[in-house]
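Notes follow once the structure below has been shown.
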Amino acid sequence: MTDRLTTFRRGPYTFDVLDAGPPDGEPVVLLHGFPQRASSWDLVAPLLHDRGFRTIAPDQRGYSPGARPTRRREYAQAELVADVLAMLDAAGIGDAHIVGHDWGAAVAWTLAAHHPDRVRTLTALSVPHPGAFVQAMPRGQVLRSWYMLAFQIPALPEKALGRLMTTRPDFGAQMGLPEPFASRVTTEIAEYGALPGALGWYRAMFIPDKRSAPRRVQVPTTYLWGDRDIALGRAGARLSSGWVDAPYEFLILPGADHWLPEARPAEVAAAIVARIDAAGDR
């Protein structure tokens with residue numbers, strides 16, 4: 001019987017974890033994005049449990065109350081990847097199937113590229129490979145990513161977004177999140193105190209860090225992208241294939257926007273299972 005992981009530590013920080021499904025099932029790590037927490041996988045995880053998988057979903061750095069550093073360099077990609085590795089170590093897991101959405105996808109891509117020995121398969125949702133994301137900037141992505149520059153302003157984004165999240169009941173819905181996830185943004189992000197740390201991910205992205213420089217991925221990979229995603233364009237989605245030297249599948253979900261785990265859980269779960277099965281891991 002495998003012990004459940006409810007928290008893990010890395011250095012001075014303690015992270016909260018949702019560990020569910022068959023305890024001895026193959027482990028699938030689920031990495032959330034912005035502004036989300038582990039609960040963003042609430043509809044996907046049970047579908048994986050039904051197929052015999054164990055899911056491990058952390059509240060990542062900046063979101064867990066015990067892991068909210070204030071310096072932006074502590075949110076560098078290498079630190080976020082190291083958090084996931086520490087979680088696997090705490091769970092006694094050598095390697096796992098890695099799934100990430102939004103910023104969680106960026107962490108998943110980087111983890112797979114730099115630590116392929118810890119990744120059985122990769123399923124990335126919405127956000128393309130970091131190298132493809134950079135390549136896509138002059139091809140229209142920069143216009144979609146204007147808010148990333150706005151988030152570099154000190155203090156103001158926390159105040160503005162925090163006020164919107166707490167005073168506008170429809171804030172999550174305006175972002176495109178379906179219920180019940182839309183209504184949770186106020187309590188799970190703003191009132192929970194996670195917003196400053198969440199913005200730290202954006203503020204660290206322009207700090208040069210050779211530890212997480214874009215590399216080619218050499219593990220079996222599936223990339224899902226919704227063709228109505230207003231934040232991530234087609235250029236980066238198409239370019240991601242050039243960064244994978246392994247079996248690769250690019251799945252376009254027609255009519256889907258950015259919030260794939262919440263809005264299209266059955267298709268997300270099916271893609272994860274299909275990637276694992278195709279890799280011959282079961």
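Simple scheme: letters A, B, ... for chains in structure tokens order, numbers from 1 for residues in each chain, numbers from 1 for ligands in the order shown.
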(request) Name the residues of stretch 23-224 of chain A that come out as strand (DSSP E) in a backbone DSSP run; write them as JSON, numbers by chain. (result) {"A": [27, 28, 29, 30, 31, 54, 55, 56, 57, 58, 96, 97, 98, 99, 100, 101, 119, 120, 121, 122, 123, 124, 125, 221, 222, 223, 224]}
query: Contacts of stretch 272-281 of chain A at 8 Å or less, counting only C-alpha atoms, minus same-chain residues fewer than 3 places along, as a PyMOL selection string?
result: chain A and resi 48+97+99+120-123+220-222+268-269
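Counting only C-alpha atoms, the residue from A:Val142, A:Leu195, A:Leu85, A:Tyr147 that sits nearest to A:Asp117 is A:Leu85.
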Task: Interatomic distance (Å, one decimal) between atom CA of A:Ile252 and atom CA of A:Phe133 - done: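 Between atom CA of A:Ile252 and atom CA of A:Phe133 the gap works out to 16.8 Å.
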Q.
Excluding stretch 181-192 of chain A and its own-chain neighbours fewer than 6 positions away, which residues fall within 9 Å of it when counting only C-alpha atoms? Please give them as JSON, numbers by chain.
A. {"A": [35, 36, 37, 39, 40, 63, 65, 161, 162, 163, 164, 165, 166, 167, 168, 169, 170, 171, 172, 173, 174, 175, 198, 262]}
Restricting it to C-alpha atoms, dump the selection as a PDB file, in the first residue's frame.
```pdb
ATOM      1  CA  PRO A  35      -5.026  31.551 -11.986  1.00  0.00           C
ATOM      2  CA  GLN A  36      -5.747  27.964 -10.976  1.00  0.00           C
ATOM      3  CA  ARG A  37      -4.901  25.451  -8.293  1.00  0.00           C
ATOM      4  CA  SER A  39      -8.658  21.781  -8.006  1.00  0.00           C
ATOM      5  CA  SER A  40      -8.624  22.737 -11.704  1.00  0.00           C
ATOM      6  CA  TYR A  63      -0.204  29.038  -4.440  1.00  0.00           C
ATOM      7  CA  PRO A  65       0.402  28.985   1.722  1.00  0.00           C
ATOM      8  CA  LEU A 161      -6.695  41.974 -10.187  1.00  0.00           C
ATOM      9  CA  GLY A 162      -7.393  41.400  -6.514  1.00  0.00           C
ATOM     10  CA  ARG A 163     -10.059  44.078  -6.552  1.00  0.00           C
ATOM     11  CA  LEU A 164     -11.667  42.646  -9.687  1.00  0.00           C
ATOM     12  CA  MET A 165     -11.621  39.115  -8.305  1.00  0.00           C
ATOM     13  CA  THR A 166     -13.261  40.142  -5.042  1.00  0.00           C
ATOM     14  CA  THR A 167     -15.755  42.746  -6.258  1.00  0.00           C
ATOM     15  CA  ARG A 168     -16.959  41.236  -9.536  1.00  0.00           C
ATOM     16  CA  PRO A 169     -18.791  37.929  -9.062  1.00  0.00           C
ATOM     17  CA  ASP A 170     -18.540  37.280 -12.805  1.00  0.00           C
ATOM     18  CA  PHE A 171     -14.755  37.759 -13.030  1.00  0.00           C
ATOM     19  CA  GLY A 172     -14.028  34.058 -13.570  1.00  0.00           C
ATOM     20  CA  ALA A 173     -16.836  33.761 -16.099  1.00  0.00           C
ATOM     21  CA  GLN A 174     -15.529  36.791 -17.985  1.00  0.00           C
ATOM     22  CA  MET A 175     -12.202  34.972 -18.250  1.00  0.00           C
ATOM     23  CA  ALA A 198       0.948  33.584  -8.963  1.00  0.00           C
ATOM     24  CA  GLU A 262     -12.323  22.549 -16.764  1.00  0.00           C
TER      25      GLU A 262
END
```
Which of stretch 138-272 of chain A DSSP labels helix (DSSP H, G or I), written as a VMD selection string
chain A and resid 138 to 139 141 to 144 146 to 150 156 to 167 171 to 174 181 to 190 195 to 203 210 to 212 234 to 243 260 to 263 265 to 272
Shortest contact to A:Pro265, candidates A:Ile153, A:Leu224, A:Tyr202, A:Trp103, atoms counted only C-alpha atoms, goes to A:Leu224
List as a compact mmCIF listing (two decimals) with C-alpha atoms, in the first residue's frame the protein and nucleic acid residues near A:Gln135, meaning an atom at most 12 Å away when only C-alpha atoms are counted, but skip any in the same chain fewer than 2 places from it.
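The result, stored in selection.txt:
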```txt
# COMPACT_ATOMS: atom_id res chain seq x y z
CA PRO A 128 3.41 25.28 -26.48
CA HIS A 129 7.02 24.28 -25.96
CA PRO A 130 8.91 27.29 -24.51
CA GLY A 131 11.17 27.42 -27.57
CA ALA A 132 8.17 27.43 -29.88
CA PHE A 133 6.55 30.13 -27.76
CA MET A 137 6.42 35.99 -30.77
CA PRO A 138 7.10 37.78 -34.09
CA ARG A 139 4.32 35.72 -35.69
CA GLY A 140 1.52 37.30 -33.70
CA GLN A 141 2.01 35.81 -30.25
CA VAL A 142 3.42 39.05 -28.85
CA PRO A 214 14.73 25.60 -24.03
CA GLY A 233 -2.01 31.33 -31.11
CA ARG A 234 -1.67 28.78 -33.86
CA ALA A 235 1.97 29.63 -34.66
CA GLY A 236 3.38 28.38 -31.36
CA ALA A 237 1.09 25.37 -31.46
CA ARG A 238 2.36 24.36 -34.90
CA LEU A 239 6.02 25.04 -34.09
CA SER A 240 6.08 22.78 -31.03
CA GLY A 242 10.00 20.88 -34.10
CA TRP A 243 11.08 20.65 -30.48
```
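Of the residues listed (A:Pro196, A:Pro178, A:Gly255, A:Pro116), A:Pro196 shows the shortest atom-to-atom separation from A:Gln152; distances use only C-alpha atoms.
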Go through stretch 148-243 of chain A and flag each residue having an atom no more than 6 Å from stretch 68-73 of chain A; for those, report the closest pair of atoms plus their distance in Å to one decimal, using only C-alpha atoms, ordered by chain and rising number, as a tab-separated table.
```
residue	atom	partner	partner_atom	distance
A:Gly197	CA	A:Arg68	CA	5.8
A:Gly200	CA	A:Arg72	CA	5.4
A:Arg203	CA	A:Arg72	CA	5.9
A:Ala204	CA	A:Arg72	CA	5.2
```
Expected file: the selected residues, all heavy atoms, as a PDB file, in the first residue's frame:
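Saved as again.pdb:
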```pdb
ATOM      1  N   GLY A 197       1.992  35.505  -5.387  1.00  0.00           N
ATOM      2  CA  GLY A 197       2.883  34.437  -5.817  1.00  0.00           C
ATOM      3  C   GLY A 197       2.604  33.997  -7.234  1.00  0.00           C
ATOM      4  O   GLY A 197       3.525  33.703  -8.004  1.00  0.00           O
ATOM      5  N   GLY A 200       4.247  36.142  -9.514  1.00  0.00           N
ATOM      6  CA  GLY A 200       5.696  35.945  -9.478  1.00  0.00           C
ATOM      7  C   GLY A 200       6.194  35.095 -10.637  1.00  0.00           C
ATOM      8  O   GLY A 200       7.323  35.269 -11.108  1.00  0.00           O
ATOM      9  N   ARG A 203       6.774  37.459 -13.433  1.00  0.00           N
ATOM     10  CA  ARG A 203       7.859  38.401 -13.187  1.00  0.00           C
ATOM     11  C   ARG A 203       9.223  37.754 -13.269  1.00  0.00           C
ATOM     12  O   ARG A 203      10.231  38.432 -13.444  1.00  0.00           O
ATOM     13  CB  ARG A 203       7.635  39.068 -11.825  1.00  0.00           C
ATOM     14  CG  ARG A 203       6.454  40.014 -11.864  1.00  0.00           C
ATOM     15  CD  ARG A 203       6.035  40.518 -10.521  1.00  0.00           C
ATOM     16  NE  ARG A 203       4.929  41.469 -10.679  1.00  0.00           N
ATOM     17  CZ  ARG A 203       4.040  41.748  -9.741  1.00  0.00           C
ATOM     18  NH1 ARG A 203       4.125  41.138  -8.559  1.00  0.00           N
ATOM     19  NH2 ARG A 203       3.070  42.608  -9.963  1.00  0.00           N
ATOM     20  N   ALA A 204       9.255  36.433 -13.157  1.00  0.00           N
ATOM     21  CA  ALA A 204      10.529  35.722 -13.252  1.00  0.00           C
ATOM     22  C   ALA A 204      10.869  35.317 -14.684  1.00  0.00           C
ATOM     23  O   ALA A 204      12.000  34.928 -14.961  1.00  0.00           O
ATOM     24  CB  ALA A 204      10.516  34.487 -12.367  1.00  0.00           C
TER      25      ALA A 204
END
```
* Asked: Hey, what's within 7 Å of A:Arg144 if we count only C-alpha atoms and toss same-chain stuff fewer than 4 positions away? As an MDAnalysis selection string, please?
  -> chainID A and resid 230:232
- atom CA of A:Arg9 to atom CA of A:Asp83, distance in Å rounded to a single decimal: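 We find that atom CA of A:Arg9 and atom CA of A:Asp83 lie 8.6 Å from each other.
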For A:Leu251, which residue among A:Phe151, A:Arg51, A:Trp225, A:Arg264 is the nearest when counting only C-alpha atoms?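 When distances to A:Leu251 are compared using only C-alpha atoms, the smallest one comes from A:Trp225.
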Env of A:Leu18: 8 Å cut, atoms = only C-alpha atoms, seq-sep filter 6 positions within chain, self excluded. Answer as a CSV table (one decimal) with C-alpha atoms, in the first residue's frame.
```csv
chain,number,residue,atom,x,y,z
A,5,LEU,CA,1.1,12.4,-0.2
A,6,THR,CA,-0.8,15.4,1.4
A,38,ALA,CA,-4.9,21.7,-8.1
A,55,THR,CA,-3.1,11.3,-9.7
A,56,ILE,CA,-0.9,13.7,-7.8
A,57,ALA,CA,-1.8,17.4,-8.2
A,58,PRO,CA,0.2,20.0,-6.2
```
